[in-house]
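Dropping structure11.pdb in here (PDB, C-alpha atoms and all ligand atoms):
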```pdb
ATOM      1  CA  MET A  58     -89.806 -72.398-115.356
ATOM      2  CA  THR A  59     -91.986 -69.637-113.935
ATOM      3  CA  TYR A  60     -90.233 -69.981-110.593
ATOM      4  CA  VAL A  61     -86.622 -69.891-111.645
ATOM      5  CA  ASN A  62     -86.007 -66.221-111.001
ATOM      6  CA  ILE A  63     -87.778 -65.665-107.703
ATOM      7  CA  VAL A  64     -86.564 -65.601-104.105
ATOM      8  CA  GLY A  65     -85.999 -69.075-102.658
ATOM      9  CA  THR A  66     -89.080 -70.993-101.651
ATOM     10  CA  SER A  67     -87.340 -73.104 -98.959
ATOM     11  CA  ASN A  68     -88.430 -76.128-100.940
ATOM     12  CA  THR A  69     -86.149 -77.478-103.607
ATOM     13  CA  PHE A  70     -87.554 -77.787-107.060
ATOM     14  CA  PRO A  71     -85.792 -79.064-110.159
ATOM     15  CA  ILE A  72     -85.812 -76.722-113.132
ATOM     16  CA  SER A  73     -84.400 -79.183-115.597
ATOM     17  CA  GLY A  74     -82.791 -82.545-115.962
ATOM     18  CA  ALA A  75     -80.631 -84.133-118.609
ATOM     19  CA  TRP A  76     -79.991 -87.582-119.913
ATOM     20  CA  VAL A  77     -76.480 -88.127-121.213
ATOM     21  CA  ASP A  78     -74.599 -91.271-122.140
ATOM     22  CA  HIS A  79     -71.311 -90.431-120.433
ATOM     23  CA  GLU A  80     -70.405 -87.978-117.671
ATOM     24  CA  MET A  81     -67.788 -86.168-119.741
ATOM     25  CA  ILE A  82     -66.960 -82.479-120.081
ATOM     26  CA  ASP A  83     -68.468 -82.164-123.591
ATOM     27  CA  ASN A  84     -71.771 -83.641-122.445
ATOM     28  CA  TYR A  85     -71.871 -81.505-119.308
ATOM     29  CA  LEU A  86     -71.037 -78.442-121.351
ATOM     30  CA  TRP A  87     -73.837 -79.157-123.812
ATOM     31  CA  VAL A  88     -76.342 -79.561-120.945
ATOM     32  CA  LEU A  89     -75.219 -76.371-119.205
ATOM     33  CA  CYS A  90     -75.273 -74.331-122.422
ATOM     34  CA  CYS A  91     -78.822 -75.561-123.144
ATOM     35  CA  LEU A  92     -79.803 -74.563-119.601
ATOM     36  CA  ARG A  93     -78.240 -71.141-119.915
ATOM     37  CA  GLY A  94     -79.732 -70.560-123.342
ATOM     38  CA  SER A  95     -83.260 -71.438-122.249
ATOM     39  CA  VAL A  96     -83.417 -69.862-118.760
ATOM     40  CA  TRP A  97     -81.041 -66.888-119.100
ATOM     41  CA  PRO A  98     -80.988 -66.241-122.858
ATOM     42  CA  ASP A  99     -80.365 -62.487-122.479
ATOM     43  CA  VAL A 100     -77.190 -62.762-120.466
ATOM     44  CA  ASP A 101     -74.408 -63.087-123.033
ATOM     45  CA  ASP A 102     -71.177 -62.917-121.127
ATOM     46  CA  SER A 103     -69.414 -61.913-117.949
ATOM     47  CA  SER A 104     -69.252 -58.262-119.071
ATOM     48  CA  SER A 105     -72.740 -57.848-117.630
ATOM     49  CA  SER A 106     -71.439 -58.573-114.125
ATOM     50  CA  LYS A 107     -72.269 -55.962-111.579
ATOM     51  CA  LYS A 108     -72.127 -55.412-107.859
ATOM     52  CA  ASN A 109     -74.990 -56.276-105.592
ATOM     53  CA  ASN A 110     -76.840 -53.278-104.085
ATOM     54  CA  HIS A 111     -76.738 -54.259-100.452
ATOM     55  CA  ASN A 112     -73.160 -55.334-100.046
ATOM     56  CA  ASN A 113     -69.926 -55.704-101.892
ATOM     57  CA  THR A 114     -70.069 -59.309-102.941
ATOM     58  CA  THR A 115     -69.837 -59.852-106.638
ATOM     59  CA  THR A 116     -72.882 -61.814-107.667
ATOM     60  CA  ALA A 117     -72.545 -61.657-111.438
ATOM     61  CA  THR A 118     -75.822 -60.421-112.828
ATOM     62  CA  PRO A 119     -78.586 -60.893-110.265
ATOM     63  CA  LEU A 120     -80.532 -63.250-112.483
ATOM     64  CA  LEU A 121     -77.856 -65.817-113.151
ATOM     65  CA  PRO A 122     -77.386 -68.604-110.607
ATOM     66  CA  SER A 123     -75.319 -67.258-107.722
ATOM     67  CA  VAL A 124     -73.580 -70.495-106.871
ATOM     68  CA  PHE A 125     -73.111 -74.005-108.187
ATOM     69  CA  ILE A 126     -72.468 -76.845-105.763
ATOM     70  CA  THR A 127     -70.693 -79.939-107.022
ATOM     71  CA  ASP A 128     -69.162 -83.114-105.625
ATOM     72  CA  ASN A 129     -65.810 -81.911-106.946
ATOM     73  CA  GLU A 130     -66.118 -83.837-110.192
ATOM     74  CA  LYS A 131     -63.453 -82.406-112.490
ATOM     75  CA  ALA A 132     -65.376 -82.659-115.771
ATOM     76  CA  LEU A 133     -68.437 -80.964-114.287
ATOM     77  CA  ARG A 134     -66.413 -78.215-112.625
ATOM     78  CA  ASN A 135     -64.631 -77.449-115.896
ATOM     79  CA  ALA A 136     -67.910 -77.387-117.779
ATOM     80  CA  ILE A 137     -69.412 -74.923-115.274
ATOM     81  CA  THR A 138     -66.340 -72.698-115.551
ATOM     82  CA  ASN A 139     -66.898 -72.632-119.305
ATOM     83  CA  ALA A 140     -70.668 -72.208-119.395
ATOM     84  CA  PHE A 141     -71.136 -69.980-116.328
ATOM     85  CA  PRO A 142     -67.828 -68.146-115.821
ATOM     86  CA  GLU A 143     -69.610 -65.475-113.714
ATOM     87  CA  CYS A 144     -70.838 -67.890-111.062
ATOM     88  CA  LYS A 145     -69.220 -69.058-107.851
ATOM     89  CA  GLN A 146     -68.564 -72.760-107.450
ATOM     90  CA  LEU A 147     -68.821 -74.410-104.053
ATOM     91  CA  LEU A 148     -67.853 -77.925-103.048
ATOM     92  CA  CYS A 149     -70.340 -80.177-101.307
ATOM     93  CA  TYR A 150     -69.395 -80.276 -97.628
ATOM     94  CA  LYS A 151     -71.033 -83.632 -97.030
ATOM     95  CA  GLN A 152     -68.769 -85.198 -99.623
ATOM     96  CA  ILE A 153     -65.655 -83.600 -98.068
ATOM     97  CA  LYS A 154     -66.680 -84.803 -94.626
ATOM     98  CA  ASN A 155     -67.451 -88.338 -95.802
ATOM     99  CA  ASN A 156     -64.006 -88.579 -97.414
ATOM    100  CA  PHE A 157     -62.437 -87.154 -94.296
ATOM    101  CA  LYS A 158     -64.118 -89.742 -92.059
ATOM    102  CA  LYS A 159     -63.269 -92.629 -94.376
ATOM    103  CA  GLN A 160     -59.593 -91.651 -94.530
ATOM    104  CA  LEU A 161     -59.117 -90.724 -90.879
ATOM    105  CA  LEU A 162     -61.044 -93.491 -89.090
ATOM    106  CA  PRO A 163     -58.204 -96.069 -89.273
ATOM    107  CA  MET A 164     -55.806 -93.440 -87.881
ATOM    108  CA  MET A 165     -57.761 -92.626 -84.738
ATOM    109  CA  LYS A 166     -56.806 -93.922 -81.299
ATOM    110  CA  GLU A 167     -59.421 -95.892 -79.384
ATOM    111  CA  ASP A 168     -61.223 -94.556 -76.321
ATOM    112  CA  GLU A 169     -61.696 -96.658 -73.134
ATOM    113  CA  ASP A 170     -64.551 -98.563 -74.827
ATOM    114  CA  GLY A 171     -62.310 -99.484 -77.753
ATOM    115  CA  ASP A 172     -64.218 -97.090 -79.989
ATOM    116  CA  LYS A 173     -62.553 -94.816 -82.566
ATOM    117  CA  ARG A 174     -65.691 -92.936 -83.600
ATOM    118  CA  GLY A 175     -65.769 -90.661 -80.565
ATOM    119  CA  PHE A 176     -62.377 -89.098 -81.331
ATOM    120  CA  LEU A 177     -63.166 -88.990 -85.046
ATOM    121  CA  ASP A 178     -66.401 -87.071 -84.406
ATOM    122  CA  LYS A 179     -64.555 -84.552 -82.223
ATOM    123  CA  LEU A 180     -61.927 -84.016 -84.894
ATOM    124  CA  ALA A 181     -64.702 -83.634 -87.482
ATOM    125  CA  GLY A 182     -66.262 -81.037 -85.168
ATOM    126  CA  HIS A 183     -63.210 -78.821 -85.707
ATOM    127  CA  LEU A 184     -63.582 -79.334 -89.454
ATOM    128  CA  ASP A 185     -67.256 -78.257 -89.151
ATOM    129  CA  GLN A 186     -66.149 -74.980 -87.571
ATOM    130  CA  ILE A 187     -63.663 -74.288 -90.372
ATOM    131  CA  VAL A 188     -66.176 -75.119 -93.100
ATOM    132  CA  LEU A 189     -69.383 -73.665 -91.720
ATOM    133  CA  LYS A 190     -68.760 -71.197 -88.894
ATOM    134  CA  CYS A 191     -65.534 -69.155 -89.123
ATOM    135  CA  THR A 192     -65.999 -65.866 -90.959
ATOM    136  CA  ILE A 193     -62.665 -64.169 -90.320
ATOM    137  CA  SER A 194     -59.157 -65.506 -90.893
ATOM    138  CA  GLU A 195     -58.174 -65.231 -87.198
ATOM    139  CA  GLU A 196     -61.047 -67.536 -86.236
ATOM    140  CA  GLU A 197     -60.093 -69.890 -89.040
ATOM    141  CA  LYS A 198     -56.463 -70.008 -87.942
ATOM    142  CA  LYS A 199     -57.467 -70.686 -84.339
ATOM    143  CA  GLU A 200     -59.729 -73.524 -85.409
ATOM    144  CA  ILE A 201     -57.057 -75.051 -87.680
ATOM    145  CA  ASP A 202     -54.621 -74.981 -84.744
ATOM    146  CA  ALA A 203     -57.220 -76.696 -82.536
ATOM    147  CA  TYR A 204     -57.798 -79.311 -85.259
ATOM    148  CA  LEU A 205     -54.057 -80.038 -85.597
ATOM    149  CA  ARG A 206     -53.563 -80.156 -81.805
ATOM    150  CA  PHE A 207     -56.454 -82.563 -81.342
ATOM    151  CA  ALA A 208     -55.208 -84.759 -84.203
ATOM    152  CA  LYS A 209     -51.681 -84.845 -82.729
ATOM    153  CA  ASP A 210     -52.996 -86.114 -79.386
ATOM    154  CA  ASN A 211     -55.632 -88.509 -80.652
ATOM    155  CA  CYS A 212     -54.299 -90.070 -83.864
ATOM    156  CA  LYS A 213     -51.947 -93.049 -84.030
ATOM    157  CA  ASP A 214     -49.697 -91.207 -86.482
ATOM    158  CA  GLN A 215     -49.474 -88.058 -84.309
ATOM    159  CA  GLY A 216     -51.847 -86.251 -86.636
ATOM    160  CA  LYS A 217     -49.824 -86.636 -89.848
ATOM    161  CA  SER A 218     -52.766 -87.906 -91.945
ATOM    162  CA  ALA A 219     -55.149 -85.280 -90.573
ATOM    163  CA  LYS A 220     -52.629 -82.558 -91.371
ATOM    164  CA  ALA A 221     -52.064 -83.945 -94.879
ATOM    165  CA  PHE A 222     -55.826 -84.145 -95.508
ATOM    166  CA  LEU A 223     -56.351 -80.523 -94.531
ATOM    167  CA  GLU A 224     -53.355 -79.310 -96.538
ATOM    168  CA  ARG A 225     -54.600 -81.131 -99.626
ATOM    169  CA  LYS A 226     -58.076 -79.684 -99.335
ATOM    170  CA  MET A 227     -56.737 -76.206 -98.580
ATOM    171  CA  HIS A 228     -55.460 -75.910-102.164
ATOM    172  CA  ASP A 229     -59.129 -75.434-103.002
ATOM    173  CA  LYS A 230     -60.089 -73.407 -99.935
ATOM    174  CA  GLU A 231     -61.876 -70.636-101.873
ATOM    175  CA  ASN A 232     -64.550 -73.164-102.779
ATOM    176  CA  TRP A 233     -65.426 -74.607 -99.383
ATOM    177  CA  VAL A 234     -63.856 -72.844 -96.352
ATOM    178  CA  ASN A 235     -66.442 -70.531 -94.768
ATOM    179  CA  THR A 236     -64.125 -67.516 -94.569
ATOM    180  CA  TYR A 237     -64.109 -67.481 -98.371
ATOM    181  CA  VAL A 238     -67.672 -68.518 -99.151
ATOM    182  CA  PHE A 239     -69.932 -67.039 -96.455
ATOM    183  CA  LYS A 240     -70.714 -63.916 -98.474
ATOM    184  CA  HIS A 241     -72.218 -65.841-101.364
ATOM    185  CA  PRO A 242     -75.971 -66.299-101.706
ATOM    186  CA  HIS A 243     -76.116 -70.047-101.224
ATOM    187  CA  PHE A 244     -79.544 -70.002 -99.528
ATOM    188  CA  GLY A 245     -78.214 -72.130 -96.718
ATOM    189  CA  ASN A 246     -77.146 -74.904 -99.065
ATOM    190  CA  ARG A 247     -73.604 -76.133 -98.712
ATOM    191  CA  THR A 248     -74.101 -79.688 -99.920
ATOM    192  CA  SER A 249     -75.336 -81.329-103.100
ATOM    193  CA  ASN A 250     -77.951 -83.238-101.041
ATOM    194  CA  ARG A 251     -80.868 -81.526-102.713
ATOM    195  CA  ALA A 252     -79.810 -82.473-106.222
ATOM    196  CA  GLU A 253     -79.015 -85.993-105.041
ATOM    197  CA  SER A 254     -82.416 -86.421-103.408
ATOM    198  CA  ALA A 255     -84.234 -84.993-106.446
ATOM    199  CA  HIS A 256     -82.332 -87.525-108.529
ATOM    200  CA  ALA A 257     -83.267 -90.325-106.123
ATOM    201  CA  SER A 258     -86.970 -89.420-106.120
ATOM    202  CA  LEU A 259     -86.971 -89.238-109.906
ATOM    203  CA  LYS A 260     -85.399 -92.699-110.080
ATOM    204  CA  HIS A 261     -88.020 -93.919-107.612
ATOM    205  CA  ALA A 262     -90.821 -92.446-109.736
ATOM    206  CA  LEU A 263     -89.438 -94.179-112.834
ATOM    207  CA  GLY A 264     -89.360 -97.524-111.059
ATOM    208  CA  THR A 265     -86.959 -98.988-113.622
ATOM    209  CA  SER A 266     -83.674 -97.959-115.140
ATOM    210  CA  SER A 267     -84.702 -99.084-118.611
ATOM    211  CA  GLY A 268     -87.768 -98.467-120.746
ATOM    212  CA  LYS A 269     -88.968 -96.841-123.914
ATOM    213  CA  LEU A 270     -88.220 -93.142-124.215
ATOM    214  CA  LYS A 271     -91.924 -92.296-124.467
ATOM    215  CA  THR A 272     -92.926 -94.240-121.334
ATOM    216  CA  VAL A 273     -90.067 -92.767-119.316
ATOM    217  CA  THR A 274     -90.836 -89.229-120.511
ATOM    218  CA  MET A 275     -94.506 -89.580-119.495
ATOM    219  CA  LYS A 276     -93.472 -90.794-116.038
ATOM    220  CA  ILE A 277     -91.061 -87.875-115.635
ATOM    221  CA  VAL A 278     -93.728 -85.354-116.671
ATOM    222  CA  LYS A 279     -96.137 -86.805-114.087
ATOM    223  CA  CYS A 280     -93.484 -86.680-111.376
ATOM    224  CA  TYR A 281     -92.559 -83.058-112.182
ATOM    225  CA  GLU A 282     -96.220 -81.987-112.256
ATOM    226  CA  ALA A 283     -96.546 -83.106-108.632
ATOM    227  CA  LEU A 284     -93.388 -81.161-107.724
ATOM    228  CA  ARG A 285     -94.700 -78.075-109.479
ATOM    229  CA  ARG A 286     -97.920 -78.169-107.456
ATOM    230  CA  LEU A 287     -95.852 -78.382-104.265
ATOM    231  CA  THR A 288     -93.825 -75.347-105.337
ATOM    232  CA  THR A 289     -96.929 -73.292-106.112
ATOM    233  CA  GLU A 290     -98.129 -73.917-102.577
ATOM    234  CA  CYS A 291     -94.945 -72.275-101.233
ATOM    235  CA  LEU A 292     -96.012 -68.958-102.677
ATOM    236  CA  GLY A 293     -98.490 -66.675-100.977
ATOM    237  CA  GLU A 294     -98.830 -65.202 -97.543
ATOM    238  CA  SER A 295     -97.027 -66.733 -94.612
ATOM    239  CA  THR A 296     -98.869 -68.286 -91.742
ATOM    240  CA  THR A 297     -96.022 -69.723 -89.723
ATOM    241  CA  VAL A 298     -94.608 -66.531 -88.187
ATOM    242  CA  VAL A 299     -97.078 -64.842 -85.850
ATOM    243  CA  PHE A 300     -97.100 -61.075 -86.140
ATOM    244  CA  ASP A 301     -98.907 -58.152 -84.497
ATOM    245  CA  LYS A 302    -101.394 -55.984 -86.406
ATOM    246  CA  ILE A 303     -99.353 -52.756 -86.495
ATOM    247  CA  ASN A 304     -96.279 -54.465 -87.909
ATOM    248  CA  SER A 305     -98.442 -56.504 -90.285
ATOM    249  CA  SER A 306     -99.720 -53.312 -91.928
ATOM    250  CA  ARG A 307     -96.130 -52.469 -92.867
ATOM    251  CA  LEU A 308     -96.200 -55.533 -95.080
ATOM    252  CA  ASN A 309     -99.348 -54.675 -97.052
ATOM    253  CA  ASP A 310     -97.375 -53.732-100.172
ATOM    254  CA  ILE A 311     -95.504 -57.006-100.410
ATOM    255  CA  CYS A 312     -98.354 -59.230 -99.282
ATOM    256  CA  HIS A 313     -99.130 -61.932-101.885
ATOM    257  CA  LYS A 314     -96.236 -60.706-104.026
ATOM    258  CA  ILE A 315     -93.363 -62.606-102.455
ATOM    259  CA  CYS A 316     -93.003 -66.234-101.483
ATOM    260  CA  ARG A 317     -93.814 -67.522 -98.023
ATOM    261  CA  PHE A 318     -90.155 -68.244 -97.343
ATOM    262  CA  ALA A 319     -89.113 -64.622 -97.980
ATOM    263  CA  MET A 320     -92.087 -63.288 -96.040
ATOM    264  CA  ASP A 321     -91.186 -65.401 -93.005
ATOM    265  CA  HIS A 322     -87.606 -64.149 -93.087
ATOM    266  CA  ILE A 323     -88.711 -60.522 -93.377
ATOM    267  CA  LYS A 324     -91.122 -60.910 -90.460
ATOM    268  CA  LEU A 325     -88.360 -62.405 -88.336
ATOM    269  CA  GLU A 326     -86.037 -59.537 -89.278
ATOM    270  CA  LEU A 327     -88.726 -56.928 -88.528
ATOM    271  CA  ALA A 328     -89.304 -58.496 -85.137
ATOM    272  CA  LYS A 329     -85.609 -57.934 -84.411
ATOM    273  CA  SER A 330     -85.685 -54.291 -85.482
ATOM    274  CA  ILE A 331     -87.394 -53.211 -82.268
ATOM    275  CA  ILE A 332     -84.193 -53.823 -80.294
ATOM    276  CA  PRO A 333     -82.490 -50.377 -80.420
ATOM    277  CA  GLU A 334     -78.950 -51.376 -79.432
ATOM    278  CA  LYS A 335     -78.805 -53.864 -82.296
ATOM    279  CA  LEU A 336     -79.551 -51.065 -84.754
ATOM    280  CA  THR A 337     -76.524 -49.072 -83.744
ATOM    281  CA  LYS A 338     -74.181 -51.957 -84.523
ATOM    282  CA  GLU A 339     -72.571 -52.155 -87.889
ATOM    283  CA  CYS A 340     -74.499 -54.307 -90.340
ATOM    284  CA  GLU A 341     -72.896 -57.679 -90.939
ATOM    285  CA  CYS A 342     -76.089 -59.608 -91.400
ATOM    286  CA  LEU A 343     -75.668 -62.887 -93.223
ATOM    287  CA  ILE A 344     -79.241 -62.727 -94.527
ATOM    288  CA  ASN A 345     -78.026 -60.052 -96.981
ATOM    289  CA  TYR A 346     -75.344 -62.312 -98.310
ATOM    290  CA  ASN A 347     -76.836 -65.753 -98.098
ATOM    291  CA  TYR A 348     -80.472 -65.045 -99.049
ATOM    292  CA  LEU A 349     -80.226 -61.610-100.741
ATOM    293  CA  LEU A 350     -83.019 -60.422 -98.438
ATOM    294  CA  PRO A 351     -83.053 -57.127 -96.473
ATOM    295  CA  CYS A 352     -81.948 -57.384 -92.835
ATOM    296  CA  TYR A 353     -83.397 -55.443 -89.895
ATOM    297  CA  HIS A 354     -80.881 -52.631 -90.464
ATOM    298  CA  GLN A 355     -82.361 -51.995 -93.896
ATOM    299  CA  LEU A 356     -86.002 -52.707 -93.014
ATOM    300  CA  ALA A 357     -85.910 -50.339 -90.039
ATOM    301  CA  GLN A 358     -85.480 -47.400 -92.431
ATOM    302  CA  TYR A 359     -88.937 -47.931 -93.919
ATOM    303  CA  LYS A 360     -92.386 -47.493 -92.437
ATOM    304  CA  LYS A 361     -93.886 -49.536 -95.231
ATOM    305  CA  ILE A 362     -91.890 -52.303 -96.807
ATOM    306  CA  SER A 363     -92.192 -51.885-100.550
ATOM    307  CA  ILE A 364     -91.669 -54.524-103.168
ATOM    308  CA  SER A 365     -88.564 -52.689-104.385
ATOM    309  CA  CYS A 366     -86.752 -53.807-101.193
ATOM    310  CA  ILE A 367     -86.984 -57.404-102.349
ATOM    311  CA  PRO A 368     -84.722 -58.511-105.168
ATOM    312  CA  ARG A 369     -86.190 -60.717-107.863
ATOM    313  CA  ARG A 370     -84.186 -63.586-106.492
TER
HETATM  314 ZN    ZN A 401     -77.936 -55.772 -91.181
END
```
So, in terms of structure tokens, how does the structure I just supplied come out?
Ligand SMILES: [Zn+2]
Amino acid sequence: MTYVNIVGTSNTFPISGAWVDHEMIDNYLWVLCCLRGSVWPDVDDSSSSKKNNHNNTTTATPLLPSVFITDNEKALRNAITNAFPECKQLLCYKQIKNNFKKQLLPMMKEDEDGDKRGFLDKLAGHLDQIVLKCTISEEEKKEIDAYLRFAKDNCKDQGKSAKAFLERKMHDKENWVNTYVFKHPHFGNRTSNRAESAHASLKHALGTSSGKLKTVTMKIVKCYEALRRLTTECLGESTTVVFDKINSSRLNDICHKICRFAMDHIKLELAKSIIPEKLTKECECLINYNYLLPCYHQLAQYKKISISCIPRR
């Protein structure tokens, strides 16, 4: 729990888990309200929302989770809307892409080797651009046109299914298309992979799906202790980014006070700040949005980087 409200550590660490008998909205809601009550007990309602200092994205209060990523399960999404109305919900891109591939594979034409995968991967490449790369609506429109054109030429149904798939998903575009989500602090996570893999490793540690509550609880505690040790190691001074002495002295104030992940990012940003023509450009740095860390435009204003430049999370 100590680590919940700090800048990302690059490692994933679970902060809680729940055991429920059915995946229904009431159960999800109970779990989420328990989570909110124990980790963010002082944040009552959405009236405490405020704007982030560095940019104009609305990030609720800085201490609440910035985003939730789900596999588009209705009951869970509704429960999050109820328990965390201030927070942005994103859809797992891996799940969207898997569905896309499953639905579109039978529709694809075959290449000279009789293979459909090649065309499917190219079509999925256009989807990747829409979901992960485009940041302005003109780019998005261009990429959608390219997607539809490619589907028309390379699908047996002249692209009808591909068009229908995109139209269906576009009803929910605010939750997955990059143009709408790139300004949210998602720490580079656009899939639910991390939760899924934490779940898988927990299952592995348990070894069995049944057992007495006491035995299972002891196993879980042991498993989480190991994870906690791993997380503690992520804190402290960075060693991976090499830095010269003069620039290093600028970091004295934040040394040993921020996690290695944040320190590495700040060093990389500081290394950029020596390029003068980049400074004159308008700041549109994604690091502000996605990691809530200062970019080289902001860091360049300070001789010494003080701890106040780094948000709590
Ligand atoms: Zn910037």
Dump the neighbourhood of ligand ZN 401 (chain A) as a PyMOL selection string: all residues within 7 Å, distances computed on only C-alpha atoms and all ligand atoms.
chain A and resi 340-342+352-355
Using CA of Ala252 (chain A) and CA of Glu326 (chain A) as the two end points, give the distance in Å to one decimal.
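Between CA of Ala252 (chain A) and CA of Glu326 (chain A) the gap works out to 29.2 Å.
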Which neighbours of Pro163 (chain A) fall inside 10 Å, counting only C-alpha atoms, when residues of the same chain fewer than 3 positions from it are skipped, and could you give them as a PDB file with C-alpha atoms, in the coordinates of the input?
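Output file around01.pdb follows:
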```
ATOM      1  CA  LYS A 158     -64.118 -89.742 -92.059  1.00  0.00           C
ATOM      2  CA  LYS A 159     -63.269 -92.629 -94.376  1.00  0.00           C
ATOM      3  CA  GLN A 160     -59.593 -91.651 -94.530  1.00  0.00           C
ATOM      4  CA  LYS A 166     -56.806 -93.922 -81.299  1.00  0.00           C
ATOM      5  CA  GLU A 167     -59.421 -95.892 -79.384  1.00  0.00           C
ATOM      6  CA  LYS A 173     -62.553 -94.816 -82.566  1.00  0.00           C
ATOM      7  CA  ARG A 174     -65.691 -92.936 -83.600  1.00  0.00           C
ATOM      8  CA  LEU A 177     -63.166 -88.990 -85.046  1.00  0.00           C
ATOM      9  CA  CYS A 212     -54.299 -90.070 -83.864  1.00  0.00           C
ATOM     10  CA  LYS A 213     -51.947 -93.049 -84.030  1.00  0.00           C
TER      11      LYS A 213
END
```
To test your reading of the syntax: which residues would the PyMOL selection byres (((chain A and resi 253-270) around 9) and not hetatm) return for the file shown? Reply as a PyMOL selection string.
chain A and resi 69-71+74+249-252+271-277+279-281
Within 10 Å of Gly216 (chain A), counting all atoms listed in the file, which residues show up once you throw out same-chain ones fewer than 4 positions away? Write them as a PyMOL selection string, please.
chain A and resi 161+164-165+204-212+220-222
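Here CA of Ser363 (chain A) is placed at a distance of 15.9 Å from CA of Arg317 (chain A).
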One decimal place gives the CA of Cys191 (chain A)-CA of Glu231 (chain A) separation as 13.3 Å
Just want the 8 Å neighbourhood of Trp97 (chain A), counted on all atoms listed in the file, with same-chain residues fewer than 3 positions away dropped. Output as a PyMOL selection string.
chain A and resi 92-94+100+120-121
Give me the box for region 342-352 of chain A as AutoDock Vina command-line options, namely the centre and edge lengths in Å to one decimal of a box along x, y and z that holds every listed atom plus 5 Å on each side.
```
--center_x -79.2 --center_y -61.4 --center_z -96.1 --size_x 17.7 --size_y 18.6 --size_z 19.3
```
Please evaluate the PyMOL selection byres (((chain A and resi 76-84) around 9) and not hetatm) against the structure above and give the resulting residues as an NGL selection string.
:A and (74-75 or 85-89 or 131-136)
Using the chain letters and numbers from the file, give me the residues hit by the PyMOL selection byres (((chain A and resi 346) around 6) and not hetatm), as a list in words.
Lys240, His241, Pro242, Leu343, Ile344, Asn345, Asn347, Tyr348 and Leu349 of chain A
Include C-alpha atoms and write out the residues we just selected as a PDB file, in the frame of the given file.
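The new file part33.pdb reads:
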```pdb
ATOM      1  CA  LYS A 240     -70.714 -63.916 -98.474  1.00  0.00           C
ATOM      2  CA  HIS A 241     -72.218 -65.841-101.364  1.00  0.00           C
ATOM      3  CA  PRO A 242     -75.971 -66.299-101.706  1.00  0.00           C
ATOM      4  CA  LEU A 343     -75.668 -62.887 -93.223  1.00  0.00           C
ATOM      5  CA  ILE A 344     -79.241 -62.727 -94.527  1.00  0.00           C
ATOM      6  CA  ASN A 345     -78.026 -60.052 -96.981  1.00  0.00           C
ATOM      7  CA  ASN A 347     -76.836 -65.753 -98.098  1.00  0.00           C
ATOM      8  CA  TYR A 348     -80.472 -65.045 -99.049  1.00  0.00           C
ATOM      9  CA  LEU A 349     -80.226 -61.610-100.741  1.00  0.00           C
TER      10      LEU A 349
END
```
Using all atoms listed in the file, find the one residue out of A:Phe157, A:Tyr150, A:Phe300, A:Phe244 that sits nearest to Lys230 (chain A).
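That would be A:Tyr150, the residue with the smallest distance to Lys230 (chain A).
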Near Ser194 (chain A), counting only C-alpha atoms, which residues have an atom at most 10 Å away, once you skip same-chain residues fewer than 4 positions from it, shown as a JSON list (two decimals) with C-alpha atoms, in the frame of the given file?
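Output below, filename selection.json:
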```
[["chain", "number", "residue", "atom", "x", "y", "z"],
["A", 187, "ILE", "CA", -63.66, -74.29, -90.37],
["A", 198, "LYS", "CA", -56.46, -70.01, -87.94],
["A", 199, "LYS", "CA", -57.47, -70.69, -84.34],
["A", 200, "GLU", "CA", -59.73, -73.52, -85.41],
["A", 235, "ASN", "CA", -66.44, -70.53, -94.77],
["A", 236, "THR", "CA", -64.12, -67.52, -94.57],
["A", 237, "TYR", "CA", -64.11, -67.48, -98.37]]
```
Step by step: locate region 198-225 of chain A in the block above, keep C-alpha atoms, then write the file as a PDB file, in the first residue's frame.
```pdb
ATOM      1  CA  LYS A 198      -9.432  10.243 -40.929  1.00  0.00           C
ATOM      2  CA  LYS A 199      -6.564   9.536 -43.322  1.00  0.00           C
ATOM      3  CA  GLU A 200      -5.808   6.257 -41.591  1.00  0.00           C
ATOM      4  CA  ILE A 201      -9.484   5.199 -41.575  1.00  0.00           C
ATOM      5  CA  ASP A 202      -9.625   5.886 -45.326  1.00  0.00           C
ATOM      6  CA  ALA A 203      -6.481   3.784 -45.838  1.00  0.00           C
ATOM      7  CA  TYR A 204      -8.016   0.988 -43.737  1.00  0.00           C
ATOM      8  CA  LEU A 205     -11.262   1.013 -45.761  1.00  0.00           C
ATOM      9  CA  ARG A 206      -9.385   1.165 -49.092  1.00  0.00           C
ATOM     10  CA  PHE A 207      -7.154  -1.752 -48.149  1.00  0.00           C
ATOM     11  CA  ALA A 208     -10.152  -3.777 -46.936  1.00  0.00           C
ATOM     12  CA  LYS A 209     -12.053  -3.087 -50.181  1.00  0.00           C
ATOM     13  CA  ASP A 210      -9.176  -4.446 -52.277  1.00  0.00           C
ATOM     14  CA  ASN A 211      -8.185  -7.375 -50.104  1.00  0.00           C
ATOM     15  CA  CYS A 212     -11.377  -8.776 -48.562  1.00  0.00           C
ATOM     16  CA  LYS A 213     -13.729 -11.227 -50.265  1.00  0.00           C
ATOM     17  CA  ASP A 214     -16.728  -9.080 -49.335  1.00  0.00           C
ATOM     18  CA  GLN A 215     -15.173  -5.858 -50.707  1.00  0.00           C
ATOM     19  CA  GLY A 216     -14.463  -4.669 -47.187  1.00  0.00           C
ATOM     20  CA  LYS A 217     -18.040  -4.782 -45.866  1.00  0.00           C
ATOM     21  CA  SER A 218     -17.157  -6.707 -42.676  1.00  0.00           C
ATOM     22  CA  ALA A 219     -14.102  -4.555 -41.972  1.00  0.00           C
ATOM     23  CA  LYS A 220     -16.200  -1.421 -42.382  1.00  0.00           C
ATOM     24  CA  ALA A 221     -18.942  -2.819 -40.129  1.00  0.00           C
ATOM     25  CA  PHE A 222     -16.385  -3.798 -37.466  1.00  0.00           C
ATOM     26  CA  LEU A 223     -14.898  -0.316 -37.375  1.00  0.00           C
ATOM     27  CA  GLU A 224     -18.301   1.385 -37.332  1.00  0.00           C
ATOM     28  CA  ARG A 225     -19.425  -0.784 -34.428  1.00  0.00           C
TER      29      ARG A 225
END
```
